[in-house]
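Please read the structure below before turning to the comments.
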Amino acid sequence: MRIGIDIGGTKIEGIAIDQNGQILFRERISTPAGNYRATVSSVASLVDRIERDTGKSGSVGIGIPGALSPDTGLVKNANSTCLIGKPLASDLCDALHRTVRIANDADCFALSEATDGAGKGYPSVFGVILGTGVGGGLVIAGALVTGPNAIAGEWGHNTLTAGNDGTAHPPHPCYCGRTGCIETYLSGPSLTRQFFAETGSNAGPKEIAASAEQGDPQSNVVLEKYEHHLARALSMVINIVDPSAIVLGGGLSNLGRLYDNVPKLLSSHVFSNTVHTALLPPVHGDSSGVRGAAWLWPSPE
Ligand SMILES: [Zn+2]
């Protein structure tokens, strides 16, 4: 049995899956926000409940918003700020009396979709999160790509190149300290901000998509720009990695038109006369983070 835990800013989710990926147990609890010690003990008691309920013991994989620094082993880049600088891996190993594997939540998403989701059967999969933030993970031949900086797939903080398609607009500052990051064009809040700049009215991605569907021209213009930005940003990944499939996740992956419109735009940005990369919606959706955490252990038996 594999146990996966996804530590989010507001919820901690735990699942147990069997060797076929069938869910044996699932529970969501509130994250003790801002309290690191309580977060560690919440995870420990969740794992304990899973093992008592199923009557089995399992390997434990954890997805976090951030990564473990290869230099110090401490958490970095986390937006759940109480985790930053903490020895989460060793504290969870102590609390659970076993070795745990910890990975970035976007990496867990990519691994889940590559293992038994939309990217199953593709030799290489780039998993993309388009949500409150923009992140990604890369899976090649079924294995997560990790590197010396623990940032593989973090394309959200690359600068989006200026387009020659009339969709460039002044670069926006990013929370990371840079300007014009891909995240400042493609995250949910960024789409909302661009819609406001264009129309003066406040609407979230869902409302913008709904009004575009009803024929509202302004919503359509904003979404077309978004699609151009996405195509340009993905083309950078395709030119370097040439993945077989790209799977979208996060709230904006629900925009069905992206899967029709963005592939048509890729050919003008990718350095190739044909683009065979599949752009796919996720199979496991919101559950991919926690499922991928469970899949961090390849062979628990
Ligand atoms: Zn940034």
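Letters for chains follow the order of the structure tokens (A, B, ...), residue numbers begin at 1 for each chain, and ligand numbers begin at 1 in the order shown.
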For this session: May I have the residues within 7 Å of region 35-38 of chain A as a PyMOL selection string, using only C-alpha atoms and disregarding those fewer than 3 positions away in the same chain?
Result: chain A and resi 32+41-42+82-83
Exercise. Can you tell me, as number ranges by chain, what residues are no more than 8 Å from Val275 (chain A) when counting only C-alpha atoms, ignoring any on the same chain fewer than 5 positions away?
Worked result: A: 266-267, 270
For this session: Mind giving me the straight-line distance from CA of Gln19 (chain A) to CA of Gly136 (chain A) in Å, one decimal?
Result: 25.5 Å
For this session: Using CA of Gly215 (chain A) and CA of Val128 (chain A) as the two end points, give the distance in Å to one decimal.
Result: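 Straight-line distance from CA of Gly215 (chain A) to CA of Val128 (chain A) works out to 28.3 Å.
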For this session: Please run DSSP on the backbone and report, as number ranges by chain, all residues within region 51-237 of chain A that come out as alpha helix (DSSP H).
Result: A: 51-54, 88-96, 105-116, 183-186, 188-199, 205-213, 217-237
For this session: Output the neighbourhood of ligand 1 as number ranges by chain, that is, all protein and nucleic acid residues with some atom at most 12 Å from the ligand, counting only C-alpha atoms and all ligand atoms.
Result: A: 77, 133-135, 154-160, 171-187
Problem set entry | region 4-11 of chain A surroundings by only C-alpha atoms, 10 Å radius, close-in-sequence under 5 positions cut, as a PyMOL selection string | chain A and resi 16-17+26-34+39-40+43+46-47+58-65+78-82+101-105+108+287-297
Keeping only C-alpha atoms, write the selected residues as an mmCIF file, in the first residue's frame.
data_model
loop_
_atom_site.group_PDB
_atom_site.id
_atom_site.type_symbol
_atom_site.label_atom_id
_atom_site.label_comp_id
_atom_site.auth_asym_id
_atom_site.auth_seq_id
_atom_site.Cartn_x
_atom_site.Cartn_y
_atom_site.Cartn_z
ATOM 1 C CA ALA A 16 -3.933 5.221 0.485
ATOM 2 C CA ILE A 17 -3.818 3.425 -2.859
ATOM 3 C CA ARG A 26 -9.159 9.225 1.684
ATOM 4 C CA GLU A 27 -9.438 12.023 4.226
ATOM 5 C CA ARG A 28 -9.068 15.802 4.219
ATOM 6 C CA ILE A 29 -8.333 17.834 7.307
ATOM 7 C CA SER A 30 -7.703 21.522 7.862
ATOM 8 C CA THR A 31 -4.087 22.654 7.841
ATOM 9 C CA PRO A 32 -3.101 24.108 11.212
ATOM 10 C CA ALA A 33 -2.100 27.278 9.380
ATOM 11 C CA GLY A 34 1.053 28.938 10.610
ATOM 12 C CA THR A 39 1.311 20.441 10.907
ATOM 13 C CA VAL A 40 3.848 17.658 11.529
ATOM 14 C CA VAL A 43 0.353 14.442 9.192
ATOM 15 C CA LEU A 46 -3.456 11.103 9.533
ATOM 16 C CA VAL A 47 -0.992 8.370 8.528
ATOM 17 C CA GLY A 58 2.425 1.665 3.688
ATOM 18 C CA SER A 59 5.176 3.770 2.218
ATOM 19 C CA VAL A 60 4.647 7.503 2.747
ATOM 20 C CA GLY A 61 5.150 10.196 0.119
ATOM 21 C CA ILE A 62 4.464 13.857 0.816
ATOM 22 C CA GLY A 63 3.692 16.709 -1.552
ATOM 23 C CA ILE A 64 4.468 20.232 -0.357
ATOM 24 C CA PRO A 65 4.153 23.709 -1.827
ATOM 25 C CA ALA A 78 7.073 27.325 0.018
ATOM 26 C CA ASN A 79 4.058 29.609 0.073
ATOM 27 C CA SER A 80 2.893 27.853 3.274
ATOM 28 C CA THR A 81 5.387 30.012 5.049
ATOM 29 C CA CYS A 82 5.506 28.074 8.323
ATOM 30 C CA ARG A 101 9.810 10.979 0.402
ATOM 31 C CA ILE A 102 8.961 14.634 -0.119
ATOM 32 C CA ALA A 103 8.451 16.425 -3.420
ATOM 33 C CA ASN A 104 7.068 19.660 -4.771
ATOM 34 C CA ASP A 105 3.307 19.574 -5.347
ATOM 35 C CA CYS A 108 3.539 15.226 -7.632
ATOM 36 C CA SER A 287 -6.529 14.534 -6.667
ATOM 37 C CA SER A 288 -3.322 14.409 -8.683
ATOM 38 C CA GLY A 289 -1.228 16.139 -6.028
ATOM 39 C CA VAL A 290 -1.985 13.571 -3.370
ATOM 40 C CA ARG A 291 -1.893 10.606 -5.801
ATOM 41 C CA GLY A 292 1.512 11.678 -7.106
ATOM 42 C CA ALA A 293 2.791 11.929 -3.525
ATOM 43 C CA ALA A 294 1.815 8.282 -3.063
ATOM 44 C CA TRP A 295 3.566 7.332 -6.336
ATOM 45 C CA LEU A 296 6.845 8.864 -5.101
ATOM 46 C CA TRP A 297 7.626 5.333 -3.885
#
Taking only region 144-204 of chain A into account, list the residues labelled strand (DSSP E or B) by DSSP (computed from the backbone), as an mmCIF file with N, CA, C and O atoms, in the first residue's frame.
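out-v2.cif was written with the following content:
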data_model
loop_
_atom_site.group_PDB
_atom_site.id
_atom_site.type_symbol
_atom_site.label_atom_id
_atom_site.label_comp_id
_atom_site.auth_asym_id
_atom_site.auth_seq_id
_atom_site.Cartn_x
_atom_site.Cartn_y
_atom_site.Cartn_z
ATOM 1 N N LEU A 144 10.378 11.019 -12.132
ATOM 2 C CA LEU A 144 10.467 12.474 -11.983
ATOM 3 C C LEU A 144 11.895 12.920 -12.253
ATOM 4 O O LEU A 144 12.841 12.296 -11.769
ATOM 5 N N THR A 159 11.035 34.469 -17.557
ATOM 6 C CA THR A 159 10.415 35.656 -18.150
ATOM 7 C C THR A 159 9.706 35.266 -19.437
ATOM 8 O O THR A 159 10.270 34.528 -20.249
ATOM 9 N N PRO A 173 5.252 43.226 -12.187
ATOM 10 C CA PRO A 173 6.164 42.685 -11.169
ATOM 11 C C PRO A 173 5.629 41.385 -10.561
ATOM 12 O O PRO A 173 4.417 41.216 -10.416
ATOM 13 N N THR A 179 10.430 40.552 -12.866
ATOM 14 C CA THR A 179 9.352 41.225 -13.598
ATOM 15 C C THR A 179 9.026 40.432 -14.850
ATOM 16 O O THR A 179 9.928 39.927 -15.515
ATOM 17 N N CYS A 181 7.418 37.558 -15.170
ATOM 18 C CA CYS A 181 7.455 36.096 -15.069
ATOM 19 C C CYS A 181 6.217 35.502 -15.756
ATOM 20 O O CYS A 181 5.140 36.120 -15.772
#
With only C-alpha atoms as the counted atoms, please give the residues lying no more than 10 Å from Asp242 (chain A), apart from itself and same-chain residues fewer than 6 positions off, as a JSON list (two decimals) with N, CA and C atoms, in the first residue's frame.
[["chain", "number", "residue", "atom", "x", "y", "z"],
["A", 124, "SER", "N", 7.44, 10.92, -22.30],
["A", 124, "SER", "CA", 7.84, 12.07, -21.48],
["A", 124, "SER", "C", 6.63, 12.99, -21.31],
["A", 125, "VAL", "N", 6.48, 13.47, -20.09],
["A", 125, "VAL", "CA", 5.29, 14.27, -19.74],
["A", 125, "VAL", "C", 5.73, 15.51, -18.98],
["A", 126, "PHE", "N", 5.30, 16.68, -19.46],
["A", 126, "PHE", "CA", 5.48, 17.92, -18.69],
["A", 126, "PHE", "C", 4.13, 18.24, -18.06],
["A", 235, "SER", "N", 6.02, 26.91, -25.61],
["A", 235, "SER", "CA", 6.96, 26.65, -26.70],
["A", 235, "SER", "C", 8.40, 26.64, -26.19],
["A", 236, "MET", "N", 8.68, 27.41, -25.14],
["A", 236, "MET", "CA", 10.03, 27.41, -24.55],
["A", 236, "MET", "C", 10.35, 26.04, -23.99],
["A", 270, "VAL", "N", 7.06, 27.22, -31.85],
["A", 270, "VAL", "CA", 8.00, 26.10, -31.70],
["A", 270, "VAL", "C", 8.88, 26.02, -32.93],
["A", 275, "VAL", "N", 4.17, 20.20, -34.92],
["A", 275, "VAL", "CA", 4.20, 20.04, -33.46],
["A", 275, "VAL", "C", 3.30, 18.87, -33.10],
["A", 276, "HIS", "N", 3.89, 17.78, -32.63],
["A", 276, "HIS", "CA", 3.13, 16.58, -32.31],
["A", 276, "HIS", "C", 2.86, 16.44, -30.80],
["A", 277, "THR", "N", 3.30, 17.43, -30.01],
["A", 277, "THR", "CA", 3.10, 17.36, -28.57],
["A", 277, "THR", "C", 1.60, 17.38, -28.25]]
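Counting from CA of Ile3 (chain A), the distance to CA of Leu88 (chain A) is 17.1 Å.
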Could you name the residues that touch His269 (chain A) at 12 Å or less, counting only C-alpha atoms, but leaving out those on the same chain fewer than 3 positions away, as a PDB file with N, CA, C and O atoms, in the first residue's frame?
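Written output follows (part_37.pdb):
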ATOM      1  N   THR A 161       8.760  35.839 -23.023  1.00  0.00           N
ATOM      2  CA  THR A 161       9.327  36.656 -24.092  1.00  0.00           C
ATOM      3  C   THR A 161       8.241  37.552 -24.702  1.00  0.00           C
ATOM      4  O   THR A 161       7.071  37.175 -24.744  1.00  0.00           O
ATOM      5  N   ALA A 162       8.643  38.704 -25.163  1.00  0.00           N
ATOM      6  CA  ALA A 162       7.694  39.588 -25.859  1.00  0.00           C
ATOM      7  C   ALA A 162       7.301  38.929 -27.169  1.00  0.00           C
ATOM      8  O   ALA A 162       8.143  38.384 -27.880  1.00  0.00           O
ATOM      9  N   GLY A 163       6.011  38.965 -27.477  1.00  0.00           N
ATOM     10  CA  GLY A 163       5.558  38.305 -28.696  1.00  0.00           C
ATOM     11  C   GLY A 163       5.537  39.257 -29.881  1.00  0.00           C
ATOM     12  O   GLY A 163       5.520  40.475 -29.712  1.00  0.00           O
ATOM     13  N   ASN A 164       5.550  38.689 -31.062  1.00  0.00           N
ATOM     14  CA  ASN A 164       5.367  39.523 -32.244  1.00  0.00           C
ATOM     15  C   ASN A 164       3.944  39.327 -32.789  1.00  0.00           C
ATOM     16  O   ASN A 164       3.663  39.559 -33.938  1.00  0.00           O
ATOM     17  N   ASP A 165       3.053  38.866 -31.880  1.00  0.00           N
ATOM     18  CA  ASP A 165       1.687  38.585 -32.301  1.00  0.00           C
ATOM     19  C   ASP A 165       0.705  39.610 -31.729  1.00  0.00           C
ATOM     20  O   ASP A 165      -0.491  39.384 -31.683  1.00  0.00           O
ATOM     21  N   HIS A 228      -2.478  32.948 -26.313  1.00  0.00           N
ATOM     22  CA  HIS A 228      -1.201  33.293 -26.963  1.00  0.00           C
ATOM     23  C   HIS A 228      -0.053  33.243 -25.951  1.00  0.00           C
ATOM     24  O   HIS A 228       1.026  32.733 -26.247  1.00  0.00           O
ATOM     25  N   HIS A 229      -0.291  33.786 -24.766  1.00  0.00           N
ATOM     26  CA  HIS A 229       0.752  33.747 -23.732  1.00  0.00           C
ATOM     27  C   HIS A 229       1.094  32.302 -23.378  1.00  0.00           C
ATOM     28  O   HIS A 229       2.270  31.953 -23.234  1.00  0.00           O
ATOM     29  N   LEU A 230       0.072  31.478 -23.227  1.00  0.00           N
ATOM     30  CA  LEU A 230       0.312  30.073 -22.855  1.00  0.00           C
ATOM     31  C   LEU A 230       1.102  29.359 -23.954  1.00  0.00           C
ATOM     32  O   LEU A 230       2.043  28.620 -23.673  1.00  0.00           O
ATOM     33  N   ALA A 231       0.724  29.605 -25.202  1.00  0.00           N
ATOM     34  CA  ALA A 231       1.427  28.952 -26.308  1.00  0.00           C
ATOM     35  C   ALA A 231       2.891  29.389 -26.338  1.00  0.00           C
ATOM     36  O   ALA A 231       3.799  28.573 -26.532  1.00  0.00           O
ATOM     37  N   ARG A 232       3.112  30.683 -26.117  1.00  0.00           N
ATOM     38  CA  ARG A 232       4.487  31.178 -26.158  1.00  0.00           C
ATOM     39  C   ARG A 232       5.306  30.610 -25.008  1.00  0.00           C
ATOM     40  O   ARG A 232       6.468  30.226 -25.174  1.00  0.00           O
ATOM     41  N   ALA A 233       4.686  30.528 -23.827  1.00  0.00           N
ATOM     42  CA  ALA A 233       5.393  30.002 -22.664  1.00  0.00           C
ATOM     43  C   ALA A 233       5.674  28.504 -22.827  1.00  0.00           C
ATOM     44  O   ALA A 233       6.762  28.032 -22.504  1.00  0.00           O
ATOM     45  N   LEU A 234       4.701  27.751 -23.346  1.00  0.00           N
ATOM     46  CA  LEU A 234       4.909  26.311 -23.527  1.00  0.00           C
ATOM     47  C   LEU A 234       5.938  26.023 -24.613  1.00  0.00           C
ATOM     48  O   LEU A 234       6.654  25.022 -24.546  1.00  0.00           O
ATOM     49  N   SER A 235       6.018  26.911 -25.606  1.00  0.00           N
ATOM     50  CA  SER A 235       6.963  26.650 -26.700  1.00  0.00           C
ATOM     51  C   SER A 235       8.400  26.643 -26.185  1.00  0.00           C
ATOM     52  O   SER A 235       9.243  25.921 -26.702  1.00  0.00           O
ATOM     53  N   MET A 236       8.676  27.409 -25.136  1.00  0.00           N
ATOM     54  CA  MET A 236      10.032  27.409 -24.552  1.00  0.00           C
ATOM     55  C   MET A 236      10.353  26.037 -23.988  1.00  0.00           C
ATOM     56  O   MET A 236      11.465  25.534 -24.130  1.00  0.00           O
ATOM     57  N   VAL A 237       9.359  25.430 -23.328  1.00  0.00           N
ATOM     58  CA  VAL A 237       9.561  24.087 -22.768  1.00  0.00           C
ATOM     59  C   VAL A 237       9.705  23.069 -23.903  1.00  0.00           C
ATOM     60  O   VAL A 237      10.575  22.200 -23.870  1.00  0.00           O
ATOM     61  N   ILE A 238       8.866  23.198 -24.921  1.00  0.00           N
ATOM     62  CA  ILE A 238       8.891  22.229 -26.020  1.00  0.00           C
ATOM     63  C   ILE A 238      10.231  22.303 -26.762  1.00  0.00           C
ATOM     64  O   ILE A 238      10.818  21.267 -27.097  1.00  0.00           O
ATOM     65  N   ASN A 239      10.743  23.522 -26.966  1.00  0.00           N
ATOM     66  CA  ASN A 239      12.027  23.646 -27.666  1.00  0.00           C
ATOM     67  C   ASN A 239      13.181  23.016 -26.886  1.00  0.00           C
ATOM     68  O   ASN A 239      14.171  22.599 -27.476  1.00  0.00           O
ATOM     69  N   VAL A 262      -4.870  26.376 -28.081  1.00  0.00           N
ATOM     70  CA  VAL A 262      -3.417  26.522 -27.868  1.00  0.00           C
ATOM     71  C   VAL A 262      -2.592  25.655 -28.829  1.00  0.00           C
ATOM     72  O   VAL A 262      -1.600  26.151 -29.389  1.00  0.00           O
ATOM     73  N   PRO A 263      -2.953  24.385 -29.079  1.00  0.00           N
ATOM     74  CA  PRO A 263      -2.153  23.603 -30.040  1.00  0.00           C
ATOM     75  C   PRO A 263      -2.047  24.272 -31.409  1.00  0.00           C
ATOM     76  O   PRO A 263      -1.001  24.195 -32.057  1.00  0.00           O
ATOM     77  N   LYS A 264      -3.107  24.970 -31.836  1.00  0.00           N
ATOM     78  CA  LYS A 264      -3.061  25.653 -33.143  1.00  0.00           C
ATOM     79  C   LYS A 264      -2.047  26.801 -33.141  1.00  0.00           C
ATOM     80  O   LYS A 264      -1.541  27.192 -34.193  1.00  0.00           O
ATOM     81  N   LEU A 265      -1.792  27.371 -31.956  1.00  0.00           N
ATOM     82  CA  LEU A 265      -0.871  28.509 -31.870  1.00  0.00           C
ATOM     83  C   LEU A 265       0.576  28.068 -31.709  1.00  0.00           C
ATOM     84  O   LEU A 265       1.507  28.853 -31.951  1.00  0.00           O
ATOM     85  N   LEU A 266       0.779  26.822 -31.275  1.00  0.00           N
ATOM     86  CA  LEU A 266       2.144  26.383 -30.951  1.00  0.00           C
ATOM     87  C   LEU A 266       3.071  26.436 -32.151  1.00  0.00           C
ATOM     88  O   LEU A 266       4.248  26.774 -32.023  1.00  0.00           O
ATOM     89  N   SER A 272       9.881  24.161 -35.240  1.00  0.00           N
ATOM     90  CA  SER A 272       9.644  22.913 -35.971  1.00  0.00           C
ATOM     91  C   SER A 272       8.477  23.162 -36.921  1.00  0.00           C
ATOM     92  O   SER A 272       7.574  23.944 -36.595  1.00  0.00           O
ATOM     93  N   ASN A 273       8.486  22.521 -38.066  1.00  0.00           N
ATOM     94  CA  ASN A 273       7.364  22.746 -38.981  1.00  0.00           C
ATOM     95  C   ASN A 273       6.114  21.974 -38.565  1.00  0.00           C
ATOM     96  O   ASN A 273       5.016  22.283 -39.003  1.00  0.00           O
ATOM     97  N   THR A 274       6.298  20.959 -37.711  1.00  0.00           N
ATOM     98  CA  THR A 274       5.131  20.265 -37.162  1.00  0.00           C
ATOM     99  C   THR A 274       5.290  20.176 -35.646  1.00  0.00           C
ATOM    100  O   THR A 274       6.407  20.104 -35.137  1.00  0.00           O
ATOM    101  N   VAL A 275       4.167  20.204 -34.920  1.00  0.00           N
ATOM    102  CA  VAL A 275       4.202  20.044 -33.459  1.00  0.00           C
ATOM    103  C   VAL A 275       3.298  18.872 -33.103  1.00  0.00           C
ATOM    104  O   VAL A 275       2.070  18.950 -33.264  1.00  0.00           O
TER     105      VAL A 275
END
Problem set entry | Exercise: region 195-198 of chain A partners within 8 Å, only C-alpha atoms, chain neighbours under 5 positions left out, as a ChimeraX atom specification | /A:203,208,218-219,222
Would you export the selected residues with all heavy atoms as a JSON list (two decimals), in the first residue's frame, please?
[["chain", "number", "residue", "atom", "x", "y", "z"],
["A", 203, "ALA", "N", -13.84, 39.96, -12.55],
["A", 203, "ALA", "CA", -14.43, 38.64, -12.77],
["A", 203, "ALA", "C", -13.32, 37.61, -12.66],
["A", 203, "ALA", "O", -12.17, 37.87, -13.02],
["A", 203, "ALA", "CB", -15.08, 38.58, -14.15],
["A", 208, "ILE", "N", -15.18, 34.64, -16.58],
["A", 208, "ILE", "CA", -14.67, 35.14, -17.86],
["A", 208, "ILE", "C", -14.94, 34.09, -18.95],
["A", 208, "ILE", "O", -15.41, 34.42, -20.05],
["A", 208, "ILE", "CB", -13.16, 35.45, -17.77],
["A", 208, "ILE", "CG1", -12.91, 36.55, -16.73],
["A", 208, "ILE", "CG2", -12.60, 35.87, -19.13],
["A", 208, "ILE", "CD1", -11.44, 36.75, -16.36],
["A", 218, "GLN", "N", -15.30, 41.10, -25.24],
["A", 218, "GLN", "CA", -14.17, 41.49, -24.38],
["A", 218, "GLN", "C", -13.57, 40.29, -23.66],
["A", 218, "GLN", "O", -12.35, 40.14, -23.57],
["A", 218, "GLN", "CB", -14.64, 42.52, -23.34],
["A", 218, "GLN", "CG", -14.77, 43.93, -23.90],
["A", 218, "GLN", "CD", -15.14, 44.91, -22.82],
["A", 218, "GLN", "OE1", -16.08, 44.66, -22.06],
["A", 218, "GLN", "NE2", -14.43, 46.01, -22.74],
["A", 219, "SER", "N", -14.44, 39.40, -23.16],
["A", 219, "SER", "CA", -13.95, 38.19, -22.49],
["A", 219, "SER", "C", -13.17, 37.34, -23.47],
["A", 219, "SER", "O", -12.14, 36.75, -23.14],
["A", 219, "SER", "CB", -15.12, 37.37, -21.93],
["A", 219, "SER", "OG", -15.92, 38.17, -21.10],
["A", 222, "VAL", "N", -9.66, 38.74, -24.05],
["A", 222, "VAL", "CA", -8.76, 38.47, -22.93],
["A", 222, "VAL", "C", -8.32, 37.00, -22.94],
["A", 222, "VAL", "O", -7.14, 36.69, -22.73],
["A", 222, "VAL", "CB", -9.44, 38.84, -21.59],
["A", 222, "VAL", "CG1", -8.63, 38.36, -20.40],
["A", 222, "VAL", "CG2", -9.65, 40.35, -21.51]]
